[in-house]
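A.B. asks: My structure is stored as query17.tsv, with TSV, C-alpha atoms.
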chain	number	residue	atom	x	y	z
O	1	MET	CA	-67.98	69.93	125.51
O	2	ALA	CA	-69.98	70.56	122.32
O	3	GLU	CA	-71.62	73.54	123.94
O	4	LYS	CA	-68.24	74.97	124.87
O	5	SER	CA	-66.97	74.54	121.32
O	6	ARG	CA	-70.00	76.35	119.91
O	7	ARG	CA	-69.47	79.22	122.32
O	8	ILE	CA	-65.81	79.55	121.29
O	9	LYS	CA	-66.69	79.41	117.59
O	10	LYS	CA	-69.43	81.96	118.06
O	11	LYS	CA	-67.03	84.18	119.93
O	12	TRP	CA	-64.51	84.12	117.02
O	13	VAL	CA	-67.09	84.79	114.30
O	14	LYS	CA	-69.13	87.32	116.24
O	15	LYS	CA	-69.33	90.51	114.19
O	16	TYR	CA	-68.24	93.90	115.39
O	17	ARG	CA	-68.36	97.27	113.74
O	18	LEU	CA	-65.44	99.70	113.76
O	19	VAL	CA	-66.84	103.22	113.24
O	20	VAL	CA	-64.81	106.42	112.69
O	21	LEU	CA	-66.69	109.61	113.78
O	22	THR	CA	-65.81	113.31	113.76
O	23	GLU	CA	-65.24	114.75	117.19
O	24	GLU	CA	-67.44	117.85	116.84
O	25	SER	CA	-70.59	116.50	115.17
O	26	PHE	CA	-70.17	112.79	115.68
O	27	GLU	CA	-70.75	112.40	111.92
O	28	GLU	CA	-69.85	108.90	110.71
O	29	LYS	CA	-66.98	108.92	108.23
O	30	PHE	CA	-66.56	105.22	107.56
O	31	SER	CA	-66.99	101.91	109.32
O	32	PHE	CA	-65.74	98.33	109.11
O	33	LYS	CA	-67.39	95.07	109.97
O	34	LEU	CA	-64.86	92.92	111.79
O	35	THR	CA	-64.64	89.66	113.60
O	36	ARG	CA	-61.96	88.37	115.86
O	37	LEU	CA	-61.06	85.73	113.26
O	38	ASN	CA	-60.64	88.36	110.51
O	39	VAL	CA	-58.41	90.51	112.73
O	40	PHE	CA	-56.27	87.51	113.64
O	41	VAL	CA	-55.93	86.37	109.99
O	42	PHE	CA	-55.15	89.81	108.60
O	43	GLY	CA	-52.75	90.54	111.48
O	44	GLY	CA	-50.91	87.26	110.92
O	45	LEU	CA	-50.64	87.81	107.15
O	46	PHE	CA	-49.36	91.35	107.69
O	47	SER	CA	-46.74	90.12	110.18
O	48	VAL	CA	-45.52	87.45	107.74
O	49	PHE	CA	-45.32	90.00	104.92
O	50	LEU	CA	-43.43	92.45	107.12
O	51	ILE	CA	-40.92	89.79	108.21
O	52	ALA	CA	-40.38	88.62	104.62
O	53	PHE	CA	-39.94	92.18	103.36
O	54	THR	CA	-37.41	93.00	106.09
O	55	ALA	CA	-35.42	89.80	105.47
O	56	GLY	CA	-35.30	90.46	101.72
O	57	LEU	CA	-34.24	94.05	102.30
O	58	ILE	CA	-31.34	92.90	104.47
O	59	ILE	CA	-30.24	90.00	102.27
O	60	TYR	CA	-30.35	91.69	98.87
O	61	THR	CA	-29.15	95.19	99.80
O	62	PRO	CA	-25.88	96.54	101.30
O	63	LEU	CA	-27.65	96.94	104.65
O	64	LYS	CA	-26.42	93.47	105.58
O	65	GLU	CA	-22.88	94.85	105.96
O	66	TYR	CA	-24.00	96.86	109.00
O	67	ILE	CA	-25.15	93.78	110.88
O	68	PRO	CA	-22.61	92.88	113.61
O	69	GLY	CA	-20.78	89.63	112.86
O	70	PHE	CA	-21.52	89.62	109.12
O	71	GLU	CA	-18.44	89.24	106.89
O	72	SER	CA	-18.68	90.19	103.23
O	73	PRO	CA	-16.52	88.03	100.91
O	74	ASP	CA	-15.49	91.10	98.91
O	75	LEU	CA	-14.50	93.00	102.03
O	76	LYS	CA	-12.52	90.03	103.29
O	77	LYS	CA	-10.75	89.66	99.95
O	78	ASN	CA	-9.90	93.38	99.84
O	79	ALA	CA	-8.62	93.28	103.43
O	80	ILE	CA	-6.29	90.37	102.63
O	81	SER	CA	-5.02	92.12	99.47
O	82	LEU	CA	-4.40	95.37	101.37
O	83	ASN	CA	-2.59	93.46	104.10
O	84	PHE	CA	-0.20	91.94	101.55
O	85	GLN	CA	0.41	95.35	99.95
O	86	LEU	CA	1.07	96.89	103.35
O	87	ASP	CA	3.59	94.17	104.18
O	88	SER	CA	5.39	94.75	100.85
O	89	LEU	CA	5.49	98.50	101.45
O	90	GLU	CA	6.91	97.97	104.93
O	91	GLN	CA	9.69	95.78	103.52
O	92	GLN	CA	10.49	98.36	100.82
O	93	MET	CA	10.54	101.16	103.40
O	94	HIS	CA	12.85	99.12	105.61
O	95	ALA	CA	15.18	98.47	102.66
O	96	LEU	CA	15.15	102.18	101.76
O	97	GLU	CA	15.94	103.18	105.35
O	98	LEU	CA	18.90	100.78	105.45
O	99	TYR	CA	20.20	102.11	102.13
O	100	THR	CA	19.81	105.73	103.27
O	101	GLU	CA	21.57	105.08	106.57
O	102	SER	CA	24.43	103.33	104.79
O	103	MET	CA	24.89	106.22	102.33
O	104	LYS	CA	24.73	109.03	104.91
O	105	PRO	CA	28.31	108.60	106.20
O	106	THR	CA	29.70	108.75	102.66
O	107	LEU	CA	27.63	111.74	101.58
O	108	LEU	CA	28.12	113.71	104.81
O	109	GLY	CA	31.84	112.97	105.22
O	110	ASP	CA	31.50	110.79	108.30
O	111	LYS	CA	34.79	109.14	109.31
O	112	ALA	CA	33.08	105.98	110.52
O	113	ILE	CA	33.73	104.36	107.12
O	114	GLU	CA	37.37	104.05	106.14
O	115	MET	CA	38.65	103.48	102.62
O	116	ASP	CA	40.48	100.32	103.59
O	117	VAL	CA	37.19	98.74	104.67
O	118	LEU	CA	34.42	97.76	102.28
O	119	PRO	CA	31.82	100.59	102.14
O	120	PHE	CA	28.98	98.24	102.96
O	121	VAL	CA	30.51	97.23	106.33
O	122	THR	CA	30.47	99.61	109.30
O	123	LYS	CA	33.45	100.32	111.50
O	124	GLU	CA	32.07	97.93	114.11
O	125	GLY	CA	31.95	95.18	111.47
O	126	GLU	CA	28.16	94.95	111.28
O	127	SER	CA	26.78	94.58	107.77
O	128	VAL	CA	24.11	97.10	106.81
O	129	TYR	CA	22.97	94.83	103.99
O	130	GLN	CA	22.27	91.70	106.05
O	131	SER	CA	19.08	91.01	104.10
O	132	GLY	CA	20.91	91.18	100.77
O	133	ILE	CA	19.27	94.37	99.63
O	134	MET	CA	22.19	95.56	97.57
O	135	ASN	CA	23.15	92.22	96.04
O	136	ASN	CA	22.00	93.36	92.62
O	137	ASP	CA	23.31	96.90	92.84
O	138	SER	CA	25.88	97.83	90.22
O	139	ILE	CA	27.95	99.87	92.69
O	140	HIS	CA	28.18	96.87	94.98
O	141	HIS	CA	29.54	94.68	92.17
O	142	LYS	CA	31.98	97.36	91.03
O	143	LEU	CA	33.35	97.78	94.54
O	144	GLU	CA	33.70	94.03	94.97
O	145	LYS	CA	35.56	93.81	91.66
O	146	LEU	CA	37.85	96.71	92.57
O	147	TYR	CA	38.69	95.36	96.00
O	148	GLY	CA	39.21	91.93	94.49
O	149	LEU	CA	41.83	93.36	92.12
O	150	LEU	CA	43.49	95.23	94.98
O	151	GLN	CA	43.56	92.08	97.12
O	152	GLU	CA	45.04	90.10	94.23
O	153	LYS	CA	47.70	92.75	93.77
O	154	ASN	CA	48.55	92.76	97.48
O	155	ASN	CA	48.80	88.97	97.48
O	156	THR	CA	51.14	89.07	94.45
O	157	ILE	CA	53.36	91.70	96.08
O	158	GLU	CA	53.46	89.74	99.33
O	159	ALA	CA	54.40	86.56	97.43
O	160	LEU	CA	57.21	88.39	95.62
O	161	ARG	CA	58.52	89.81	98.89
O	162	THR	CA	58.56	86.35	100.43
O	163	LYS	CA	60.21	84.73	97.43
O	164	TYR	CA	62.84	87.42	96.89
O	165	LYS	CA	63.55	88.31	100.49
O	166	GLY	CA	66.93	89.98	100.75
O	167	VAL	CA	66.84	91.38	97.22
O	168	ASN	CA	66.96	95.17	97.06
O	169	PHE	CA	65.51	97.14	94.12
O	170	SER	CA	66.73	100.58	93.08
O	171	GLU	CA	64.31	103.47	92.60
O	172	ASP	CA	64.58	103.24	88.82
O	173	SER	CA	64.03	99.49	88.68
O	174	LEU	CA	60.47	99.88	87.41
O	175	HIS	CA	61.84	101.63	84.31
O	176	ASP	CA	65.03	99.79	83.44
O	177	HIS	CA	64.24	96.54	85.39
O	178	GLU	CA	67.74	96.39	86.89
O	179	VAL	CA	67.99	94.35	90.07
O	180	VAL	CA	70.68	94.93	92.64
O	181	LEU	CA	71.59	91.67	94.39
O	182	GLN	CA	72.91	91.86	97.94
O	183	GLU	CA	72.78	88.39	99.45
O	184	ASN	CA	71.23	85.92	96.99
O	185	HIS	CA	72.16	85.47	93.33
O	186	LEU	CA	69.25	84.86	90.91
O	187	THR	CA	69.38	82.63	87.86
O	188	GLU	CA	68.36	83.92	84.45
O	189	GLU	CA	65.00	82.14	84.62
O	190	GLU	CA	64.26	83.63	88.04
O	191	LEU	CA	65.33	87.04	86.78
O	192	GLU	CA	63.01	86.77	83.75
O	193	SER	CA	60.16	85.64	86.04
O	194	LEU	CA	60.80	88.56	88.39
O	195	GLU	CA	60.94	90.96	85.47
O	196	SER	CA	57.61	89.62	84.12
O	197	SER	CA	56.02	89.99	87.57
O	198	MET	CA	57.25	93.56	87.80
O	199	LEU	CA	55.89	94.35	84.33
O	200	ASP	CA	52.58	92.76	85.30
O	201	SER	CA	52.43	94.90	88.45
O	202	VAL	CA	53.19	98.04	86.43
O	203	PHE	CA	50.51	97.12	83.89
O	204	ARG	CA	47.98	96.42	86.68
O	205	GLU	CA	48.78	99.76	88.29
O	206	LYS	CA	48.30	101.51	84.95
O	207	VAL	CA	44.91	99.86	84.46
O	208	GLU	CA	43.84	100.87	87.96
O	209	ARG	CA	44.90	104.44	87.30
O	210	GLU	CA	42.74	104.44	84.20
O	211	GLU	CA	39.71	103.44	86.24
O	212	ARG	CA	37.26	106.29	86.33
O	213	PHE	CA	37.37	106.50	90.10
O	214	SER	CA	40.66	104.89	90.98
O	215	ILE	CA	42.09	105.10	94.46
O	216	PHE	CA	45.07	106.89	92.92
O	217	GLY	CA	42.90	109.91	92.11
O	218	TYR	CA	43.12	109.70	88.32
O	219	GLU	CA	40.00	109.79	86.16
O	220	TYR	CA	39.14	110.94	82.68
O	221	ASN	CA	36.63	113.61	81.83
O	222	LYS	CA	33.83	111.79	80.04
O	223	ALA	CA	31.01	114.18	80.91
O	224	ASP	CA	28.18	114.41	78.39
O	225	GLN	CA	26.82	117.65	79.78
O	226	VAL	CA	28.07	121.09	80.72
O	227	PHE	CA	28.25	122.03	84.40
O	228	VAL	CA	27.96	125.47	85.95
O	229	THR	CA	30.63	126.55	88.41
O	230	PRO	CA	28.96	126.59	91.86
O	231	ILE	CA	30.96	129.58	93.08
O	232	GLN	CA	33.90	131.71	92.04
O	233	GLY	CA	36.87	131.69	94.36
O	234	ASN	CA	40.30	130.31	95.12
O	235	ILE	CA	40.77	126.58	95.66
O	236	THR	CA	42.42	126.21	99.07
O	237	ASP	CA	42.40	122.41	99.21
O	238	GLU	CA	42.39	120.31	96.05
O	239	TYR	CA	40.92	116.90	95.34
O	240	ASN	CA	43.18	114.19	96.80
O	241	ALA	CA	41.90	110.61	96.77
O	242	VAL	CA	45.04	109.27	98.43
O	243	ALA	CA	44.43	111.54	101.42
O	244	HIS	CA	40.71	110.63	101.39
O	245	HIS	CA	39.76	114.21	100.49
O	246	PHE	CA	37.18	113.58	97.78
O	247	ALA	CA	36.31	117.24	97.26
O	248	ILE	CA	37.72	120.71	96.67
O	249	ASP	CA	37.53	123.57	99.16
O	250	ILE	CA	36.78	126.95	97.60
O	251	ALA	CA	37.42	130.07	99.67
O	252	ALA	CA	34.78	132.78	99.23
O	253	THR	CA	33.18	135.66	101.03
O	254	LYS	CA	30.56	134.83	103.63
O	255	GLU	CA	26.96	134.56	102.35
O	256	ALA	CA	28.12	134.45	98.73
O	257	PRO	CA	25.51	132.64	96.59
O	258	VAL	CA	26.11	128.93	95.93
O	259	LYS	CA	24.65	127.72	92.62
O	260	SER	CA	23.56	124.32	91.39
O	261	ILE	CA	25.94	122.93	88.78
O	262	ALA	CA	23.09	121.42	86.69
O	263	ASP	CA	19.41	120.60	86.67
O	264	GLY	CA	18.47	118.07	89.30
O	265	THR	CA	16.49	117.06	92.37
O	266	VAL	CA	17.44	117.91	95.96
O	267	VAL	CA	17.60	114.65	97.93
O	268	PHE	CA	19.13	116.08	101.12
O	269	ALA	CA	18.98	119.56	102.63
O	270	GLU	CA	19.68	119.49	106.35
O	271	CYS	CA	22.27	120.41	108.96
O	272	SER	CA	24.88	118.09	110.49
O	273	ILE	CA	27.25	118.66	113.39
O	274	GLU	CA	30.44	118.02	111.40
O	275	THR	CA	29.64	119.68	108.05
O	276	GLY	CA	26.97	122.26	108.89
O	277	PHE	CA	24.24	122.96	106.36
O	278	VAL	CA	24.50	120.45	103.52
O	279	VAL	CA	22.75	120.22	100.15
O	280	ILE	CA	22.88	117.06	98.00
O	281	ILE	CA	21.51	117.15	94.44
O	282	VAL	CA	21.06	114.24	92.03
O	283	HIS	CA	21.54	115.11	88.34
O	284	GLN	CA	21.19	113.28	85.05
O	285	ASP	CA	23.59	110.48	84.06
O	286	ASN	CA	23.98	109.45	87.74
O	287	TYR	CA	25.90	112.59	88.75
O	288	VAL	CA	25.60	113.79	92.35
O	289	SER	CA	26.82	117.14	93.67
O	290	ILE	CA	27.34	117.92	97.38
O	291	TYR	CA	27.67	121.38	98.95
O	292	LYS	CA	28.79	121.65	102.60
O	293	HIS	CA	29.50	124.26	105.32
O	294	ASN	CA	26.77	126.65	104.10
O	295	CYS	CA	25.34	129.29	106.41
O	296	ARG	CA	21.85	129.15	104.95
O	297	LEU	CA	19.83	126.83	102.69
O	298	ASN	CA	17.49	128.17	100.01
O	299	VAL	CA	16.02	124.82	98.94
O	300	SER	CA	14.42	121.87	100.68
O	301	GLN	CA	14.38	118.13	100.16
O	302	GLY	CA	12.45	117.17	97.03
O	303	SER	CA	12.90	120.55	95.31
O	304	LEU	CA	13.59	120.64	91.57
O	305	VAL	CA	16.45	123.01	90.74
O	306	LYS	CA	17.83	124.43	87.53
O	307	ALA	CA	21.44	124.92	86.49
O	308	GLY	CA	22.76	128.15	88.04
O	309	GLN	CA	19.95	128.42	90.60
O	310	VAL	CA	21.04	129.72	94.01
O	311	ILE	CA	20.59	126.86	96.47
O	312	ALA	CA	22.56	128.11	99.50
O	313	ASN	CA	24.96	130.74	100.83
O	314	VAL	CA	28.61	130.32	101.76
O	315	GLY	CA	29.29	129.99	105.45
O	316	SER	CA	31.54	128.36	108.02
O	317	THR	CA	29.18	125.98	109.80
O	318	GLY	CA	30.17	122.59	111.16
O	319	GLU	CA	33.01	121.35	113.33
O	320	PHE	CA	35.24	120.62	110.31
O	321	SER	CA	35.10	124.18	108.95
O	322	THR	CA	38.02	126.55	109.47
O	323	GLY	CA	36.57	129.61	107.75
O	324	PRO	CA	34.06	130.75	105.13
O	325	HIS	CA	34.39	128.36	102.20
O	326	LEU	CA	32.47	125.83	100.12
O	327	HIS	CA	33.30	122.14	100.43
O	328	PHE	CA	32.22	120.87	97.00
O	329	GLU	CA	32.04	117.20	95.96
O	330	MET	CA	31.04	115.48	92.73
O	331	TRP	CA	30.12	111.80	92.39
O	332	LYS	CA	29.47	109.69	89.31
O	333	ASP	CA	27.83	106.25	89.52
O	334	GLY	CA	28.61	106.16	93.23
O	335	TYR	CA	32.31	107.07	92.86
O	336	PRO	CA	34.00	110.40	93.68
O	337	VAL	CA	35.42	112.48	90.82
O	338	ASP	CA	37.61	115.59	90.66
O	339	PRO	CA	35.35	118.61	89.99
O	340	THR	CA	38.20	120.49	88.30
O	341	ASN	CA	37.99	117.99	85.43
O	342	PHE	CA	34.47	119.20	84.65
O	343	MET	CA	34.56	122.97	85.22
O	344	LYS	CA	36.88	125.94	85.68
O	345	PHE	CA	37.20	127.79	88.98
Spit out the file's structure as structure tokens when you get a sec.

C.D. replies:
Amino acid sequence: MAEKSRRIKKKWVKKYRLVVLTEESFEEKFSFKLTRLNVFVFGGLFSVFLIAFTAGLIIYTPLKEYIPGFESPDLKKNAISLNFQLDSLEQQMHALELYTESMKPTLLGDKAIEMDVLPFVTKEGESVYQSGIMNNDSIHHKLEKLYGLLQEKNNTIEALRTKYKGVNFSEDSLHDHEVVLQENHLTEEELESLESSMLDSVFREKVEREERFSIFGYEYNKADQVFVTPIQGNITDEYNAVAHHFAIDIAATKEAPVKSIADGTVVFAECSIETGFVVIIVHQDNYVSIYKHNCRLNVSQGSLVKAGQVIANVGSTGEFSTGPHLHFEMWKDGYPVDPTNFMKF
């Protein structure tokens, strides 16, 4: 056993010479004295150094991000933040799509929304604001207030009809308050109460007429800016809110230039089946102008236009058109207004 151990030890410490010679002359360049033990020790130390260097390079440099399965805390945090932002953007886009779809029938003249139905409810009775998107919108509150007043008025009239059934009023009763009795005779107190109710109804009607965008078609010209006439021509159909015609029709020669009434931004410039080529421009102070039945559009959605700039040409496109003319609408704060109150044609 001792002899075997000496042989093994001698084998490990036995010296060898590593010589480097030139190929042509066999001249010795340099040489090393080596043993198996030295080669093993130096090889092991080099392997340990190489492993440590590689591990440090991976741990303390960005190379670790390329290792499969490794998750950087910063990358994970950024991914979560971007996911939340994406979800918020999707909700905003969905809200904007619902708002745009709800406004299209009004802006394009679609008959699916009637005036005796709230504008935020479709003809089928399905709410387009089910998620409460427009709960804080000023137009929504104004419409609710207006329809509330109208409903209160209708309830008052219905109560008067029920209470004074059989009593006939002359055409001039709103002015002189004279009541013609046919079947029932009213006491003085009832007559005074009826007269007060009639005066209240007249006063309510007057207030509603003074609303800027009343259903009776009366509004006052409170414009703070000067508008350019979109086109010169004869008005063939005037503004009539009672008949649900919230625009004026101007007869003109075909392909006559249609001008923007003021500086603004084009929010809609497309073609529809009913109204042909349509341009919708948003101006300052919440004014909106709409031009329908054009034969050609000279602007696109998102374009910035100046007052008097040619945006389209007169035509007779769309199923509702009966000849070359411009169907021109003006809106203020979401309500229709009579364009003749703001410019001369």

A.B. asks: For CA of Ile58 in chain O and CA of Ala79 in chain O, determine how far apart the two atoms are, in Å to one decimal place.

C.D. replies: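 Atom-to-atom, CA of Ile58 in chain O and CA of Ala79 in chain O are spaced 22.7 Å apart.
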
A.B. asks: Tell me, in Å to one decimal, how far CA of Gly233 in chain O is from CA of Met330 in chain O.

C.D. replies: 17.3 Å

A.B. asks: Could you build a table of the residues in range 293-326 of chain O lying no more than 7 Å from range 250-268 of chain O, giving for each the nearest pair of atoms and their separation in Å rounded to one decimal place, using all atoms listed in the file, ordered by chain and ascending residue number, as CSV?

C.D. replies:
residue,atom,partner,partner_atom,distance
O:Cys295,CA,O:Glu255,CA,6.8
O:Ser300,CA,O:Val266,CA,6.9
O:Gln301,CA,O:Val266,CA,5.2
O:Gly302,CA,O:Val266,CA,5.2
O:Ser303,CA,O:Val266,CA,5.3
O:Leu304,CA,O:Thr265,CA,4.7
O:Val305,CA,O:Gly264,CA,5.5
O:Lys306,CA,O:Asp263,CA,4.2
O:Ala307,CA,O:Ala262,CA,3.9
O:Gly308,CA,O:Lys259,CA,5.0
O:Gln309,CA,O:Lys259,CA,5.2
O:Val310,CA,O:Lys259,CA,4.4
O:Ile311,CA,O:Lys259,CA,5.7
O:Ala312,CA,O:Val258,CA,5.1
O:Asn313,CA,O:Glu255,CA,4.6
O:Val314,CA,O:Glu255,CA,4.6
O:Gly315,CA,O:Lys254,CA,5.3
O:Pro324,CA,O:Lys254,CA,5.6
O:His325,CA,O:Ala251,CA,4.3
O:Leu326,CA,O:Ile250,CA,5.1

A.B. asks: Keeping C-alpha atoms for every residue in the selection just given, could you write it to a file as a PDB file, in the frame of the given file?

C.D. replies:
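again_7.pdb, written as the output of this step:
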ATOM      1  CA  CYS O 295      25.340 129.290 106.410  1.00  0.00           C
ATOM      2  CA  SER O 300      14.420 121.870 100.680  1.00  0.00           C
ATOM      3  CA  GLN O 301      14.380 118.130 100.160  1.00  0.00           C
ATOM      4  CA  GLY O 302      12.450 117.170  97.030  1.00  0.00           C
ATOM      5  CA  SER O 303      12.900 120.550  95.310  1.00  0.00           C
ATOM      6  CA  LEU O 304      13.590 120.640  91.570  1.00  0.00           C
ATOM      7  CA  VAL O 305      16.450 123.010  90.740  1.00  0.00           C
ATOM      8  CA  LYS O 306      17.830 124.430  87.530  1.00  0.00           C
ATOM      9  CA  ALA O 307      21.440 124.920  86.490  1.00  0.00           C
ATOM     10  CA  GLY O 308      22.760 128.150  88.040  1.00  0.00           C
ATOM     11  CA  GLN O 309      19.950 128.420  90.600  1.00  0.00           C
ATOM     12  CA  VAL O 310      21.040 129.720  94.010  1.00  0.00           C
ATOM     13  CA  ILE O 311      20.590 126.860  96.470  1.00  0.00           C
ATOM     14  CA  ALA O 312      22.560 128.110  99.500  1.00  0.00           C
ATOM     15  CA  ASN O 313      24.960 130.740 100.830  1.00  0.00           C
ATOM     16  CA  VAL O 314      28.610 130.320 101.760  1.00  0.00           C
ATOM     17  CA  GLY O 315      29.290 129.990 105.450  1.00  0.00           C
ATOM     18  CA  PRO O 324      34.060 130.750 105.130  1.00  0.00           C
ATOM     19  CA  HIS O 325      34.390 128.360 102.200  1.00  0.00           C
ATOM     20  CA  LEU O 326      32.470 125.830 100.120  1.00  0.00           C
TER      21      LEU O 326
END

A.B. asks: Determine, counting all atoms listed in the file, which protein, DNA and RNA residues have an atom within 8 Å of an atom of Ile248 in chain O; residues of the same chain fewer than 2 positions away are not included. Present the result as an MDAnalysis selection string.

C.D. replies: chainID O and resid 235:239 245:246 250 327:329 338:339

A.B. asks: Identify which of the residues O:Lys33, O:Ser47, O:Leu86, O:Phe26 lies closest to Val13 in chain O, counting only C-alpha atoms when measuring atom-to-atom distances.

C.D. replies: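 Nearest to Val13 in chain O: O:Lys33.
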
A.B. asks: Please check which residues have atoms at most 12 Å from (24.3, 122.4, 113.8) in the file's coordinates, counting all atoms listed in the file, and write them as JSON, numbers by chain.

C.D. replies: {"O": [270, 271, 272, 273, 274, 275, 276, 277, 278, 293, 294, 295, 296, 316, 317, 318, 319, 320, 321]}

A.B. asks: To one decimal place in Å, what is the distance between CA of Asn38 in chain O and CA of Ala52 in chain O?

C.D. replies: 21.1 Å

A.B. asks: Missing atoms in range 295-312 of chain O: can you complete it with N, CA and C atoms, as a compact mmCIF listing (two decimals), in the coordinates of the input?

C.D. replies:
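What landed in rebuild_11.txt:
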# COMPACT_ATOMS: atom_id res chain seq x y z
N CYS O 295 25.93 128.59 105.27
CA CYS O 295 25.34 129.29 106.41
C CYS O 295 23.83 129.34 106.33
N ARG O 296 23.29 129.11 105.13
CA ARG O 296 21.85 129.15 104.95
C ARG O 296 21.48 128.31 103.73
N LEU O 297 20.32 127.63 103.80
CA LEU O 297 19.83 126.83 102.69
C LEU O 297 18.62 127.51 102.07
N ASN O 298 18.59 127.54 100.75
CA ASN O 298 17.49 128.17 100.01
C ASN O 298 16.58 127.16 99.33
N VAL O 299 16.84 125.88 99.52
CA VAL O 299 16.02 124.82 98.94
C VAL O 299 15.72 123.80 100.03
N SER O 300 14.78 122.93 99.74
CA SER O 300 14.42 121.87 100.68
C SER O 300 14.43 120.53 99.97
N GLN O 301 14.36 119.47 100.73
CA GLN O 301 14.38 118.13 100.16
C GLN O 301 13.19 117.92 99.23
N GLY O 302 13.48 117.40 98.03
CA GLY O 302 12.45 117.17 97.03
C GLY O 302 12.30 118.29 96.03
N SER O 303 13.00 119.43 96.23
CA SER O 303 12.90 120.55 95.31
C SER O 303 13.58 120.23 93.99
N LEU O 304 12.99 120.74 92.91
CA LEU O 304 13.59 120.64 91.57
C LEU O 304 14.35 121.92 91.29
N VAL O 305 15.62 121.83 90.96
CA VAL O 305 16.45 123.01 90.74
C VAL O 305 16.95 123.03 89.31
N LYS O 306 17.28 124.23 88.86
CA LYS O 306 17.83 124.43 87.53
C LYS O 306 19.31 124.75 87.63
N ALA O 307 20.01 124.59 86.53
CA ALA O 307 21.44 124.92 86.49
C ALA O 307 21.63 126.41 86.76
N GLY O 308 22.51 126.75 87.70
CA GLY O 308 22.76 128.15 88.04
C GLY O 308 21.84 128.71 89.09
N GLN O 309 20.86 127.94 89.56
CA GLN O 309 19.95 128.42 90.60
C GLN O 309 20.66 128.48 91.94
N VAL O 310 20.43 129.55 92.70
CA VAL O 310 21.04 129.72 94.01
C VAL O 310 20.36 128.77 94.99
N ILE O 311 21.14 127.87 95.57
CA ILE O 311 20.59 126.86 96.47
C ILE O 311 21.01 127.09 97.92
N ALA O 312 22.07 127.88 98.14
CA ALA O 312 22.56 128.11 99.50
C ALA O 312 23.47 129.33 99.50
